[in-house]
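Visitor: Pasting protein.tsv below, which is TSV, C-alpha atoms.
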chain	number	residue	atom	x	y	z
A	1126	MET	CA	-0.73	2.48	-27.20
A	1127	ALA	CA	-2.52	1.34	-24.07
A	1128	TYR	CA	-1.50	3.06	-20.89
A	1129	THR	CA	-0.76	1.03	-17.78
A	1130	TYR	CA	-1.58	3.76	-15.28
A	1131	SER	CA	-4.81	5.49	-16.27
A	1132	LYS	CA	-6.91	8.11	-14.61
A	1133	ILE	CA	-10.46	6.87	-14.14
A	1134	ALA	CA	-12.00	9.81	-12.31
A	1135	THR	CA	-11.18	13.01	-10.47
A	1136	TYR	CA	-13.21	15.02	-8.01
A	1137	THR	CA	-12.40	18.42	-6.53
A	1138	VAL	CA	-14.52	19.64	-3.63
A	1139	GLY	CA	-16.27	22.90	-4.34
A	1140	SER	CA	-17.35	25.75	-2.10
A	1141	GLY	CA	-19.52	24.59	0.75
A	1142	GLY	CA	-17.67	21.31	1.11
A	1143	ILE	CA	-19.06	17.81	0.88
A	1144	ALA	CA	-19.82	15.07	3.39
A	1145	ASN	CA	-18.41	12.20	1.38
A	1146	VAL	CA	-16.82	11.36	-1.95
A	1147	VAL	CA	-17.77	8.13	-3.71
A	1148	PHE	CA	-16.39	6.69	-6.96
A	1149	LEU	CA	-19.19	4.60	-8.50
A	1150	ASN	CA	-19.32	2.10	-11.36
A	1151	ILE	CA	-15.57	1.43	-11.30
A	1152	PRO	CA	-14.45	-0.35	-14.49
A	1153	GLN	CA	-13.50	-3.98	-13.94
A	1154	ASN	CA	-10.80	-4.22	-16.58
A	1155	TYR	CA	-7.77	-3.12	-14.54
A	1156	SER	CA	-5.50	-5.16	-12.28
A	1157	ASP	CA	-5.18	-2.72	-9.38
A	1158	LEU	CA	-6.71	0.54	-8.23
A	1159	VAL	CA	-5.03	3.53	-6.60
A	1160	VAL	CA	-6.75	6.47	-4.97
A	1161	LYS	CA	-4.67	9.54	-4.22
A	1162	PHE	CA	-6.32	12.32	-2.31
A	1163	SER	CA	-5.42	15.54	-0.61
A	1164	ALA	CA	-7.98	16.71	1.91
A	1165	ARG	CA	-8.81	19.12	4.68
A	1166	THR	CA	-11.85	18.77	6.93
A	1167	THR	CA	-14.10	21.13	8.87
A	1168	GLU	CA	-13.47	19.31	12.12
A	1169	ASN	CA	-12.26	21.85	14.68
A	1170	PRO	CA	-10.82	21.12	17.09
A	1171	GLY	CA	-9.80	17.57	16.54
A	1172	ALA	CA	-7.82	15.16	14.44
A	1173	SER	CA	-10.41	13.16	12.65
A	1174	ALA	CA	-10.12	9.80	10.99
A	1175	ILE	CA	-10.97	9.08	7.37
A	1176	GLY	CA	-13.75	6.59	6.74
A	1177	LEU	CA	-13.90	4.06	3.91
A	1178	GLN	CA	-16.84	2.41	2.22
A	1179	LEU	CA	-16.50	-0.35	-0.39
A	1180	ASN	CA	-19.49	-1.33	-2.52
A	1181	GLY	CA	-21.69	0.69	-0.21
A	1182	THR	CA	-20.82	-1.33	2.87
A	1183	SER	CA	-18.50	-0.96	5.82
A	1184	THR	CA	-19.24	-3.96	7.97
A	1185	THR	CA	-16.35	-6.19	6.93
A	1186	LEU	CA	-13.48	-3.72	7.13
A	1187	THR	CA	-10.60	-4.20	9.55
A	1188	ASP	CA	-7.42	-2.23	9.90
A	1189	ILE	CA	-4.00	-2.37	11.52
A	1190	THR	CA	-2.56	1.07	12.21
A	1191	LEU	CA	1.03	2.23	12.61
A	1192	ARG	CA	1.10	5.89	13.56
A	1193	ALA	CA	3.69	8.53	14.41
A	1194	ASP	CA	2.60	11.88	15.87
A	1195	GLY	CA	5.82	13.79	16.26
A	1196	SER	CA	6.81	12.20	19.55
A	1197	THR	CA	5.76	8.56	19.70
A	1198	ALA	CA	5.03	5.60	17.44
A	1199	THR	CA	1.99	3.45	18.22
A	1200	SER	CA	0.11	0.58	16.66
A	1201	ASN	CA	-3.35	-0.84	17.17
A	1202	ALA	CA	-6.10	-2.78	15.47
A	1203	GLN	CA	-9.18	-0.88	14.43
A	1204	THR	CA	-12.71	-1.91	13.60
A	1205	GLY	CA	-16.02	-0.14	13.85
A	1206	THR	CA	-18.49	1.60	11.61
A	1207	SER	CA	-20.23	4.94	11.64
A	1208	GLY	CA	-22.77	6.26	9.21
A	1209	GLY	CA	-22.11	3.48	6.72
A	1210	PHE	CA	-18.34	3.96	6.67
A	1211	GLY	CA	-15.56	1.98	8.33
A	1212	ARG	CA	-12.52	3.51	9.95
A	1213	MET	CA	-9.69	3.64	7.41
A	1214	THR	CA	-7.20	5.90	9.20
A	1215	SER	CA	-6.79	7.26	12.71
A	1216	ARG	CA	-5.79	10.93	12.67
A	1217	THR	CA	-5.18	11.92	9.07
A	1218	GLY	CA	-8.32	13.90	8.36
A	1219	GLN	CA	-6.43	17.21	8.44
A	1220	ALA	CA	-8.43	19.17	10.99
A	1221	ASP	CA	-9.34	22.82	10.50
A	1222	ASP	CA	-7.32	23.97	13.52
A	1223	THR	CA	-4.07	23.04	11.78
A	1224	THR	CA	-1.96	25.50	9.81
A	1225	SER	CA	-4.10	27.23	7.23
A	1226	SER	CA	-3.94	26.08	3.63
A	1227	THR	CA	-2.42	22.74	4.58
A	1228	PHE	CA	-3.97	19.51	3.34
A	1229	SER	CA	-3.37	15.88	4.20
A	1230	ASN	CA	-2.12	13.41	1.59
A	1231	HIS	CA	-3.24	9.82	1.17
A	1232	GLU	CA	-2.44	6.96	-1.16
A	1233	VAL	CA	-4.75	3.95	-0.99
A	1234	TYR	CA	-3.68	0.92	-3.05
A	1235	PHE	CA	-6.04	-1.95	-3.88
A	1236	PRO	CA	-4.26	-4.84	-5.64
A	1237	ASN	CA	-6.40	-7.47	-7.40
A	1238	TYR	CA	-9.61	-5.57	-6.75
A	1239	THR	CA	-11.67	-7.86	-9.00
A	1240	SER	CA	-10.45	-11.13	-7.48
A	1241	ALA	CA	-12.61	-13.62	-5.61
A	1242	ASN	CA	-10.34	-13.44	-2.56
A	1243	TYR	CA	-10.62	-11.08	0.37
A	1244	LYS	CA	-9.11	-7.70	-0.51
A	1245	SER	CA	-5.96	-6.55	1.26
A	1246	TYR	CA	-5.15	-2.87	0.74
A	1247	SER	CA	-2.59	-0.40	1.99
A	1248	VAL	CA	-2.90	3.20	3.09
A	1249	ASP	CA	-0.01	5.63	3.47
A	1250	ALA	CA	-1.07	9.01	4.82
A	1251	VAL	CA	0.36	12.20	6.31
A	1252	THR	CA	-0.92	15.48	7.68
A	1253	GLU	CA	0.89	18.81	7.76
A	1254	ASN	CA	0.99	21.26	10.64
A	1255	ASN	CA	3.37	23.99	11.67
A	1256	ALA	CA	3.32	22.75	15.24
A	1257	THR	CA	4.80	19.97	17.31
A	1258	GLN	CA	2.08	17.52	16.35
A	1259	ALA	CA	1.31	16.15	12.89
A	1260	PHE	CA	0.54	12.61	11.88
A	1261	SER	CA	2.12	10.00	9.65
A	1262	GLU	CA	0.33	6.68	9.28
A	1263	PHE	CA	0.73	3.31	7.57
A	1264	HIS	CA	-2.30	1.04	7.45
A	1265	ALA	CA	-2.95	-2.56	6.53
A	1266	GLY	CA	-6.60	-2.79	5.58
A	1267	LEU	CA	-8.65	-5.87	4.86
A	1268	TRP	CA	-12.09	-6.07	3.29
A	1269	SER	CA	-13.41	-9.53	4.12
A	1270	SER	CA	-15.49	-9.89	0.99
A	1271	THR	CA	-15.03	-11.97	-2.13
A	1272	ALA	CA	-16.96	-9.46	-4.26
A	1273	ALA	CA	-15.15	-7.35	-6.82
A	1274	ILE	CA	-14.79	-3.72	-5.78
A	1275	THR	CA	-17.21	-1.60	-7.80
A	1276	SER	CA	-17.35	1.54	-5.68
A	1277	ILE	CA	-15.05	3.31	-3.21
A	1278	GLY	CA	-16.16	6.06	-0.85
A	1279	PHE	CA	-14.48	8.29	1.73
A	1280	ASN	CA	-15.84	10.49	4.51
A	1281	VAL	CA	-14.76	12.20	7.71
A	1282	TYR	CA	-15.19	9.24	10.00
A	1283	ALA	CA	-17.51	9.84	12.95
A	1284	GLY	CA	-16.92	13.51	12.44
A	1285	GLY	CA	-20.23	14.68	13.86
A	1286	GLY	CA	-21.22	16.32	10.60
A	1287	ALA	CA	-17.73	17.43	9.60
A	1288	THR	CA	-17.13	17.61	5.87
A	1289	PHE	CA	-14.29	17.74	3.37
A	1290	LYS	CA	-13.40	21.36	2.65
A	1291	GLN	CA	-13.15	23.17	-0.64
A	1292	TYR	CA	-10.06	22.36	-2.72
A	1293	SER	CA	-9.78	18.84	-1.41
A	1294	THR	CA	-8.99	16.63	-4.40
A	1295	PHE	CA	-9.58	12.93	-5.05
A	1296	HIS	CA	-8.15	10.95	-7.96
A	1297	LEU	CA	-8.88	7.34	-8.89
A	1298	TYR	CA	-6.43	5.50	-11.14
A	1299	GLY	CA	-6.53	2.05	-12.72
A	1300	ILE	CA	-3.36	0.01	-13.23
A	1301	LYS	CA	-3.27	-2.69	-15.85
A	1302	ALA	CA	-0.70	-5.47	-15.41
A	1303	GLU	CA	-1.43	-7.53	-18.52
A	1304	LEU	CA	1.26	-7.30	-21.15
B	112	MET	CA	3.98	10.80	-25.47
B	113	ALA	CA	6.18	8.20	-23.86
B	114	LYS	CA	4.59	5.54	-21.74
B	115	THR	CA	6.06	5.97	-18.26
B	116	TYR	CA	4.58	3.06	-16.29
B	117	THR	CA	4.92	-0.28	-18.03
B	118	PRO	CA	4.25	-3.86	-16.91
B	119	ILE	CA	7.42	-5.90	-17.42
B	120	ALA	CA	6.17	-9.30	-16.25
B	121	THR	CA	3.37	-10.87	-14.25
B	122	GLN	CA	3.43	-14.19	-12.46
B	123	LYS	CA	0.28	-15.78	-11.07
B	124	LEU	CA	1.04	-19.00	-9.26
B	125	THR	CA	-1.01	-22.00	-10.32
B	126	ALA	CA	0.68	-24.09	-7.63
B	127	SER	CA	2.48	-23.16	-4.44
B	128	ALA	CA	6.09	-22.14	-4.97
B	129	ALA	CA	9.14	-21.59	-2.80
B	130	SER	CA	10.20	-18.49	-4.66
B	131	VAL	CA	9.38	-16.12	-7.48
B	132	THR	CA	12.08	-14.66	-9.71
B	133	PHE	CA	12.06	-11.84	-12.23
B	134	SER	CA	15.20	-12.22	-14.28
B	135	SER	CA	16.80	-10.47	-17.26
B	136	ILE	CA	15.16	-7.23	-16.18
B	137	ASN	CA	15.16	-4.60	-18.91
B	138	GLN	CA	17.68	-1.88	-18.07
B	139	ASN	CA	15.86	0.94	-19.85
B	140	TYR	CA	13.70	2.17	-16.99
B	141	THR	CA	14.47	4.59	-14.20
B	142	ASP	CA	12.82	2.74	-11.31
B	143	LEU	CA	11.06	-0.55	-10.65
B	144	ARG	CA	7.86	-1.29	-8.78
B	145	LEU	CA	6.76	-4.77	-7.74
B	146	ILE	CA	3.18	-5.43	-6.58
B	147	PHE	CA	2.36	-8.57	-4.61
B	148	SER	CA	-0.94	-10.09	-3.52
B	149	GLY	CA	-1.24	-13.48	-1.84
B	150	THR	CA	-0.31	-15.60	1.16
B	151	SER	CA	2.16	-18.13	2.49
B	152	THR	CA	1.25	-21.78	3.06
B	153	ARG	CA	2.64	-21.53	6.57
B	154	ASP	CA	-0.58	-22.52	8.34
B	155	SER	CA	-2.01	-19.62	10.30
B	156	THR	CA	1.33	-18.06	11.23
B	157	ASN	CA	2.86	-15.09	9.48
B	158	ASP	CA	5.85	-15.68	7.26
B	159	ILE	CA	8.80	-13.53	6.20
B	160	VAL	CA	9.47	-12.74	2.55
B	161	TYR	CA	13.14	-12.24	1.75
B	162	LEU	CA	14.48	-10.26	-1.17
B	163	SER	CA	17.48	-11.45	-3.14
B	164	ILE	CA	19.10	-9.40	-5.88
B	165	ASN	CA	21.09	-10.68	-8.84
B	166	GLY	CA	20.99	-14.25	-7.55
B	167	GLU	CA	22.74	-13.59	-4.29
B	168	THR	CA	22.08	-15.81	-1.32
B	169	LEU	CA	20.88	-14.67	2.08
B	170	GLY	CA	23.43	-12.80	4.14
B	171	THR	CA	25.57	-11.49	1.31
B	172	ASN	CA	25.12	-7.79	0.60
B	173	GLY	CA	21.83	-6.69	2.08
B	174	ARG	CA	20.77	-4.60	5.03
B	175	TYR	CA	17.49	-3.16	6.17
B	176	VAL	CA	15.74	-1.04	8.77
B	177	ASN	CA	12.07	-1.72	9.36
B	178	LEU	CA	9.11	-0.21	11.18
B	179	TYR	CA	6.12	-2.33	12.05
B	180	GLY	CA	2.89	-2.53	13.95
B	181	TYR	CA	1.92	-5.91	15.31
B	182	SER	CA	-0.38	-7.10	18.08
B	183	GLY	CA	-0.92	-3.62	19.41
B	184	SER	CA	2.69	-2.53	19.59
B	185	ALA	CA	5.00	-0.60	17.30
B	186	GLY	CA	8.59	-1.62	16.78
B	187	SER	CA	11.64	-1.27	14.62
B	188	GLY	CA	14.51	-3.57	13.72
B	189	PHE	CA	17.72	-3.78	11.74
B	190	SER	CA	19.70	-6.40	9.93
B	191	GLY	CA	23.12	-5.87	8.44
B	192	SER	CA	23.05	-8.99	6.33
B	193	TYR	CA	19.92	-9.28	4.20
B	194	ASN	CA	16.98	-7.57	2.47
B	195	VAL	CA	13.28	-8.24	2.95
B	196	LEU	CA	10.01	-7.47	1.24
B	197	GLY	CA	8.30	-7.88	4.59
B	198	ILE	CA	5.77	-10.11	6.29
B	199	ILE	CA	2.81	-11.97	4.78
B	200	ASP	CA	-0.15	-13.84	6.19
B	201	GLY	CA	-0.22	-17.58	6.52
B	202	ALA	CA	-2.96	-19.10	4.40
B	203	THR	CA	-6.14	-19.30	6.43
B	204	GLY	CA	-9.43	-19.26	4.59
B	205	TRP	CA	-9.76	-16.26	2.33
B	206	GLN	CA	-7.03	-14.24	4.04
B	207	GLN	CA	-4.85	-12.13	1.77
B	208	SER	CA	-1.73	-10.02	2.16
B	209	SER	CA	-0.48	-7.33	-0.17
B	210	GLY	CA	2.86	-5.70	-0.74
B	211	ILE	CA	4.57	-2.94	-2.69
B	212	LEU	CA	8.30	-2.77	-3.42
B	213	ASP	CA	9.87	0.33	-5.00
B	214	VAL	CA	13.44	-0.01	-6.25
B	215	PHE	CA	15.09	3.25	-7.19
B	216	ASN	CA	17.70	3.97	-9.85
B	217	TYR	CA	18.22	0.25	-10.25
B	218	SER	CA	20.25	0.28	-13.45
B	219	ASN	CA	23.07	2.60	-12.47
B	220	SER	CA	26.50	1.13	-11.90
B	221	THR	CA	27.92	3.65	-9.45
B	222	THR	CA	25.76	3.62	-6.31
B	223	PHE	CA	24.40	1.15	-3.81
B	224	LYS	CA	20.71	0.39	-4.47
B	225	THR	CA	17.94	1.45	-2.11
B	226	SER	CA	14.39	0.16	-2.02
B	227	LEU	CA	11.26	0.78	0.02
B	228	ALA	CA	8.85	-2.00	0.88
B	229	ARG	CA	5.37	-2.03	2.39
B	230	THR	CA	3.46	-5.17	3.30
B	231	ASN	CA	0.05	-5.60	4.89
B	232	GLY	CA	-1.71	-8.47	6.61
B	233	SER	CA	-4.59	-9.28	8.86
B	234	ASP	CA	-2.68	-8.48	12.05
B	235	PHE	CA	0.35	-6.45	11.01
B	236	VAL	CA	1.56	-3.51	8.99
B	237	HIS	CA	5.19	-3.37	7.90
B	238	ALA	CA	7.45	-0.79	6.27
B	239	CYS	CA	11.07	-1.32	5.40
B	240	VAL	CA	13.99	0.42	3.75
B	241	ASN	CA	16.55	-1.89	2.14
B	242	THR	CA	20.04	-1.21	0.91
B	243	TRP	CA	21.84	-3.56	-1.41
B	244	THR	CA	25.48	-2.72	-0.91
B	245	GLN	CA	26.61	-3.30	-4.47
B	246	THR	CA	27.09	-0.88	-7.35
B	247	THR	CA	26.14	-3.43	-10.01
B	248	ALA	CA	22.95	-2.80	-11.98
B	249	ILE	CA	20.03	-4.93	-10.81
B	250	ASN	CA	19.05	-7.52	-13.41
B	251	SER	CA	17.09	-9.99	-11.30
B	252	ILE	CA	14.86	-9.93	-8.23
B	253	ARG	CA	13.93	-13.02	-6.30
B	254	LEU	CA	11.33	-13.21	-3.52
B	255	TRP	CA	11.22	-16.22	-1.25
B	256	THR	CA	9.47	-17.21	1.92
B	257	ASN	CA	11.19	-18.12	5.16
B	258	ILE	CA	9.23	-21.23	6.14
B	259	GLY	CA	6.14	-21.83	3.99
B	260	LEU	CA	5.63	-21.45	0.26
B	261	PHE	CA	3.88	-18.78	-1.72
B	262	ALA	CA	0.34	-20.13	-2.00
B	263	ALA	CA	-1.32	-20.90	-5.32
B	264	GLY	CA	-3.18	-17.87	-6.60
B	265	SER	CA	-0.57	-15.40	-5.34
B	266	THR	CA	0.23	-12.77	-7.96
B	267	PHE	CA	3.37	-10.76	-8.61
B	268	THR	CA	3.73	-7.98	-11.15
B	269	LEU	CA	6.90	-6.05	-11.95
B	270	TYR	CA	6.55	-2.59	-13.50
B	271	GLY	CA	9.14	-0.34	-15.03
B	272	ILE	CA	8.87	3.40	-14.46
B	273	LEU	CA	10.44	5.81	-16.93
B	274	LYS	CA	11.15	9.35	-15.80
B	275	ALA	CA	10.76	10.95	-19.21
Rewrite the structure from the file as C-alpha cells, please.
Guide:
Amino acid sequence: MAYTYSKIATYTVGSGGIANVVFLNIPQNYSDLVVKFSARTTENPGASAIGLQLNGTSTTLTDITLRADGSTATSNAQTGTSGGFGRMTSRTGQADDTTSSTFSNHEVYFPNYTSANYKSYSVDAVTENNATQAFSEFHAGLWSSTAAITSIGFNVYAGGGATFKQYSTFHLYGIKAEL
Amino acid sequence: MAKTYTPIATQKLTASAASVTFSSINQNYTDLRLIFSGTSTRDSTNDIVYLSINGETLGTNGRYVNLYGYSGSAGSGFSGSYNVLGIIDGATGWQQSSGILDVFNYSNSTTFKTSLARTNGSDFVHACVNTWTQTTAINSIRLWTNIGLFAAGSTFTLYGILKA
C-alpha cells in the first residue's frame, strides 16, 4: 500500500551545531512537500530570522509576515538576501537567551512544488520563552521561479555566524495526491 | 498498519470555474484537509474564496474570525453569517496563491463544526477560524470566488485523516 504522507529525510543537529541544513536531490514524484523543524540557535542576544534557500538560490524570494510578540500584532513585506539565503521568517530563530531547552517550531508547506508556475508556500512558526516576549508568525512566501524545487535549505538568517544548536531537528515529508 | 492520510479526490481545472465542489465525502475519517494552489481570474486584484458546507448558500449557518497581514498592516475581522477559505491572488503573470483548510471531527452529528484556514498571496497572509453552526455531518464542501473565477490550472486536493 502506497503511503500518502511519506518521510523523505530527517536531520538532527549534532554537537557543535551547524550553519545550515539543506535537503538535496528531492524526489519529484510527490504532489506537495512539508518541512517540519524544531530549532534553537546560538544567537545571543537577539531574535534571529530563519533563512530559506531553494535550488541553491535566494534572489527571487519574497515574503509577507504576520507576527505577534506577546503584546502587538504587526505585518510587513520582506525581501533581501544574506549569504545565499532569503529571509523566510522574522523572529522565530529561537535565540539562545530564551528559556533553556526550548526550541522553536516551524511548518513550511510547498504545494505543487514540481509545477511550472511560481511557487507559493506557507510558514507557520512559533518560539517559546518563559518571559513576556515570544513570537508567533504566519508567512506567505513566494518563490518567483518556474523551476521545480529540487533542494531546500535553512540557516540562521544574517546571524553573523550564528548556527543551529545541537538537538535541532529537521524533517522533510512528501505528500502524494494521486489516487 | 493503517494508512492515516489518504487522498480522497483531486481536481485540477482545465478551464476557469466559478466553484469547486467535493461531494459525497466519505464519512470514515476523523478529519479533513484541503490543499489549494492557484489564482482567481479577477485581473490583478485579490479575490475572496467562500466556503459552503452541505450545499448551503452564503449567509446561512457560517461565522468566522480572521487575522491578516496586508499592505503593511495587521488586522482582524468577524462575520456572523458565512465561512471563508480566505483570500487569493488575481491572475497576473505567473502569480500563485496557496491555501490549507483543516476541518475537524467533520462526521460527528452532535457538535458544530470548526475549521482552520490559511491562505497566502503575493501581498497578503491570512488565517481564519470558521464555525459551521450545524450538528449535521459534513458530506460536501464547496469553494467559490467572490468576483472572478478560479483560473485554469488551479488545483484542489481533499485528504482524509484517520486517527488510528
Visitor: Go through B:Ala185, B:Leu269, B:Ala128, B:Ile252 one by one, measure the shortest atom-to-atom distance of each to chain A using only C-alpha atoms, and give the residue with the smallest value.
Guide: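 Closest residue, counting only C-alpha atoms: B:Ala185.
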Visitor: If you measure from atom CA of Ile1189 of chain A to atom CA of Gly180 of chain B, what distance in Å do you get, rounded to one decimal?
Guide: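 That distance, rounded to one decimal, is 7.3 Å.
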Visitor: Per residue of chain A within 10 Å of chain B, note the shortest atom pair and the distance in Å to one decimal, counting all atoms listed in the file, and order the rows by chain and increasing residue number, as JSON lines.
Guide:
{"residue": "A:Met1126", "atom": "CA", "partner": "B:Lys114", "partner_atom": "CA", "distance": 8.2}
{"residue": "A:Ala1127", "atom": "CA", "partner": "B:Lys114", "partner_atom": "CA", "distance": 8.6}
{"residue": "A:Tyr1128", "atom": "CA", "partner": "B:Lys114", "partner_atom": "CA", "distance": 6.6}
{"residue": "A:Thr1129", "atom": "CA", "partner": "B:Thr117", "partner_atom": "CA", "distance": 5.8}
{"residue": "A:Tyr1130", "atom": "CA", "partner": "B:Tyr116", "partner_atom": "CA", "distance": 6.3}
{"residue": "A:Ser1131", "atom": "CA", "partner": "B:Tyr116", "partner_atom": "CA", "distance": 9.7}
{"residue": "A:Ser1156", "atom": "CA", "partner": "B:Thr268", "partner_atom": "CA", "distance": 9.7}
{"residue": "A:Asp1157", "atom": "CA", "partner": "B:Ile146", "partner_atom": "CA", "distance": 9.2}
{"residue": "A:Thr1187", "atom": "CA", "partner": "B:Ser233", "partner_atom": "CA", "distance": 7.9}
{"residue": "A:Asp1188", "atom": "CA", "partner": "B:Ser233", "partner_atom": "CA", "distance": 7.7}
{"residue": "A:Ile1189", "atom": "CA", "partner": "B:Phe235", "partner_atom": "CA", "distance": 6.0}
{"residue": "A:Thr1190", "atom": "CA", "partner": "B:Gly180", "partner_atom": "CA", "distance": 6.8}
{"residue": "A:Leu1191", "atom": "CA", "partner": "B:Gly180", "partner_atom": "CA", "distance": 5.3}
{"residue": "A:Arg1192", "atom": "CA", "partner": "B:Ala185", "partner_atom": "CA", "distance": 8.4}
{"residue": "A:Ala1193", "atom": "CA", "partner": "B:Ala185", "partner_atom": "CA", "distance": 9.7}
{"residue": "A:Thr1197", "atom": "CA", "partner": "B:Ala185", "partner_atom": "CA", "distance": 9.5}
{"residue": "A:Ala1198", "atom": "CA", "partner": "B:Ala185", "partner_atom": "CA", "distance": 6.2}
{"residue": "A:Thr1199", "atom": "CA", "partner": "B:Ala185", "partner_atom": "CA", "distance": 5.1}
{"residue": "A:Ser1200", "atom": "CA", "partner": "B:Gly180", "partner_atom": "CA", "distance": 5.0}
{"residue": "A:Asn1201", "atom": "CA", "partner": "B:Gly183", "partner_atom": "CA", "distance": 4.3}
{"residue": "A:Ala1202", "atom": "CA", "partner": "B:Gly183", "partner_atom": "CA", "distance": 6.6}
{"residue": "A:Tyr1234", "atom": "CA", "partner": "B:Ile211", "partner_atom": "CA", "distance": 9.1}
{"residue": "A:Phe1235", "atom": "CA", "partner": "B:Ser209", "partner_atom": "CA", "distance": 8.6}
{"residue": "A:Pro1236", "atom": "CA", "partner": "B:Ser148", "partner_atom": "CA", "distance": 6.6}
{"residue": "A:Asn1237", "atom": "CA", "partner": "B:Ser148", "partner_atom": "CA", "distance": 7.2}
{"residue": "A:Ser1240", "atom": "CA", "partner": "B:Gly264", "partner_atom": "CA", "distance": 10.0}
{"residue": "A:Ala1241", "atom": "CA", "partner": "B:Trp205", "partner_atom": "CA", "distance": 8.8}
{"residue": "A:Asn1242", "atom": "CA", "partner": "B:Trp205", "partner_atom": "CA", "distance": 5.7}
{"residue": "A:Tyr1243", "atom": "CA", "partner": "B:Trp205", "partner_atom": "CA", "distance": 5.6}
{"residue": "A:Lys1244", "atom": "CA", "partner": "B:Gln207", "partner_atom": "CA", "distance": 6.6}
{"residue": "A:Ser1245", "atom": "CA", "partner": "B:Ser208", "partner_atom": "CA", "distance": 5.5}
{"residue": "A:Tyr1246", "atom": "CA", "partner": "B:Ser209", "partner_atom": "CA", "distance": 6.5}
{"residue": "A:Ser1247", "atom": "CA", "partner": "B:Asn231", "partner_atom": "CA", "distance": 6.5}
{"residue": "A:Val1248", "atom": "CA", "partner": "B:Asn231", "partner_atom": "CA", "distance": 9.5}
{"residue": "A:Asp1249", "atom": "CA", "partner": "B:Arg229", "partner_atom": "CA", "distance": 9.4}
{"residue": "A:Phe1263", "atom": "CA", "partner": "B:Val236", "partner_atom": "CA", "distance": 7.0}
{"residue": "A:His1264", "atom": "CA", "partner": "B:Val236", "partner_atom": "CA", "distance": 6.2}
{"residue": "A:Ala1265", "atom": "CA", "partner": "B:Asn231", "partner_atom": "CA", "distance": 4.6}
{"residue": "A:Gly1266", "atom": "CA", "partner": "B:Asn231", "partner_atom": "CA", "distance": 7.3}
{"residue": "A:Leu1267", "atom": "CA", "partner": "B:Ser233", "partner_atom": "CA", "distance": 6.6}
{"residue": "A:Trp1268", "atom": "CA", "partner": "B:Gln207", "partner_atom": "CA", "distance": 9.6}
{"residue": "A:Ser1269", "atom": "CA", "partner": "B:Trp205", "partner_atom": "CA", "distance": 7.9}
{"residue": "A:Ser1270", "atom": "CA", "partner": "B:Trp205", "partner_atom": "CA", "distance": 8.7}
{"residue": "A:Thr1271", "atom": "CA", "partner": "B:Trp205", "partner_atom": "CA", "distance": 8.1}
{"residue": "A:Ile1300", "atom": "CA", "partner": "B:Tyr116", "partner_atom": "CA", "distance": 9.0}
{"residue": "A:Lys1301", "atom": "CA", "partner": "B:Pro118", "partner_atom": "CA", "distance": 7.7}
{"residue": "A:Ala1302", "atom": "CA", "partner": "B:Pro118", "partner_atom": "CA", "distance": 5.4}
{"residue": "A:Glu1303", "atom": "CA", "partner": "B:Pro118", "partner_atom": "CA", "distance": 7.0}
{"residue": "A:Leu1304", "atom": "CA", "partner": "B:Pro118", "partner_atom": "CA", "distance": 6.2}
Visitor: Any idea what's packed within 8 Å of Asn157 of chain B, counting all atoms listed in the file, ignoring anything in its chain fewer than 5 positions away? Could you give it as a ChimeraX atom specification?
Guide: /B:151,198-201
Visitor: Between atom CA of Ser251 of chain B and atom CA of Val1233 of chain A, measure the distance and give it in Å to one decimal.
Guide: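 If I compute the distance from atom CA of Ser251 of chain B to atom CA of Val1233 of chain A, I get 27.9 Å.
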Visitor: Can you find the residues with an atom no farther than 8 Å from (22.8, 0.9, -13.9), counting only C-alpha atoms, and report them as a list in words?
Guide: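 With a cut-off of 8 Å, the residues come to Gln138, Asn216, Tyr217, Ser218, Asn219, Ser220, Thr221, Thr247, Ala248 and Ile249 of chain B.
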Visitor: Find the residue from A:Gln1291, A:Thr1223, A:Thr1204, A:Thr1135 that sits nearest to Val1160 of chain A; use all atoms listed in the file when measuring.
Guide: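 Smallest distance to Val1160 of chain A is found for A:Thr1135.
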Visitor: Tell me which protein, DNA and RNA residues are within 12 Å of Leu169 of chain B, counting all atoms listed in the file, leaving out same-chain ones fewer than 3 positions away, and put them as a ChimeraX atom specification.
Guide: /B:160-166,172-174,190-195,243,253-257
Visitor: Could you tell me how far atom CA of Thr1239 of chain A sits from atom CA of Gln1153 of chain A, in Å to one decimal place?
Guide: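 Answer for the atom CA of Gln1153 of chain A to atom CA of Thr1239 of chain A separation: 6.5 Å.
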Visitor: Neighbouring residues of Leu124 of chain B were defined as those with any atom within 7 Å, considering only C-alpha atoms; residues of the same chain fewer than 2 positions away were excluded. Please report them as a list in words.
Guide: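 So the residues in contact are Gln122, Ala126, Ser127, Ala263, Gly264, Ser265 and Thr266 of chain B.
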Visitor: Take every atom of segment 128-137 of chain B listed in the file, fit an axis-aligned box around them, add 4 Å per side, and give the centre and edge lengths in Å to one decimal as AutoDock Vina command-line options.
Guide:
--center_x 11.4 --center_y -13.4 --center_z -10.9 --size_x 18.7 --size_y 25.5 --size_z 24.1
Visitor: Identify which of the residues A:Phe1148, A:Tyr1238, A:Phe1228, A:Tyr1282 lies closest to Thr1206 of chain A, counting only C-alpha atoms when measuring atom-to-atom distances.
Guide: A:Tyr1282
Visitor: Which residues are near Thr1227 of chain A? Cut-off 10 Å, all atoms listed in the file, ignore same chain within fewer than 6 positions. Put them as a ChimeraX atom specification.
Guide: /A:1163-1165,1219-1221,1252-1255
Visitor: Grab segment 1222-1226 of chain A from that structure and dump N, CA and C atoms to a file, as a short mmCIF file (atom, residue, chain, number, x, y, z; two decimals), in the first residue's frame.
Guide:
data_model
loop_
_atom_site.label_atom_id
_atom_site.label_comp_id
_atom_site.auth_asym_id
_atom_site.auth_seq_id
_atom_site.Cartn_x
_atom_site.Cartn_y
_atom_site.Cartn_z
N ASP A 1222 19.23 33.24 24.32
CA ASP A 1222 18.95 33.90 25.59
C ASP A 1222 17.52 33.65 26.04
N THR A 1223 16.82 32.77 25.35
CA THR A 1223 15.47 32.39 25.78
C THR A 1223 15.58 31.24 26.79
N THR A 1224 14.46 30.87 27.35
CA THR A 1224 14.44 29.81 28.36
C THR A 1224 15.19 28.58 27.87
N SER A 1225 16.04 28.05 28.71
CA SER A 1225 16.86 26.92 28.30
C SER A 1225 16.00 25.73 27.91
N SER A 1226 16.52 24.96 26.99
CA SER A 1226 15.87 23.73 26.50
C SER A 1226 14.61 23.98 25.69
#
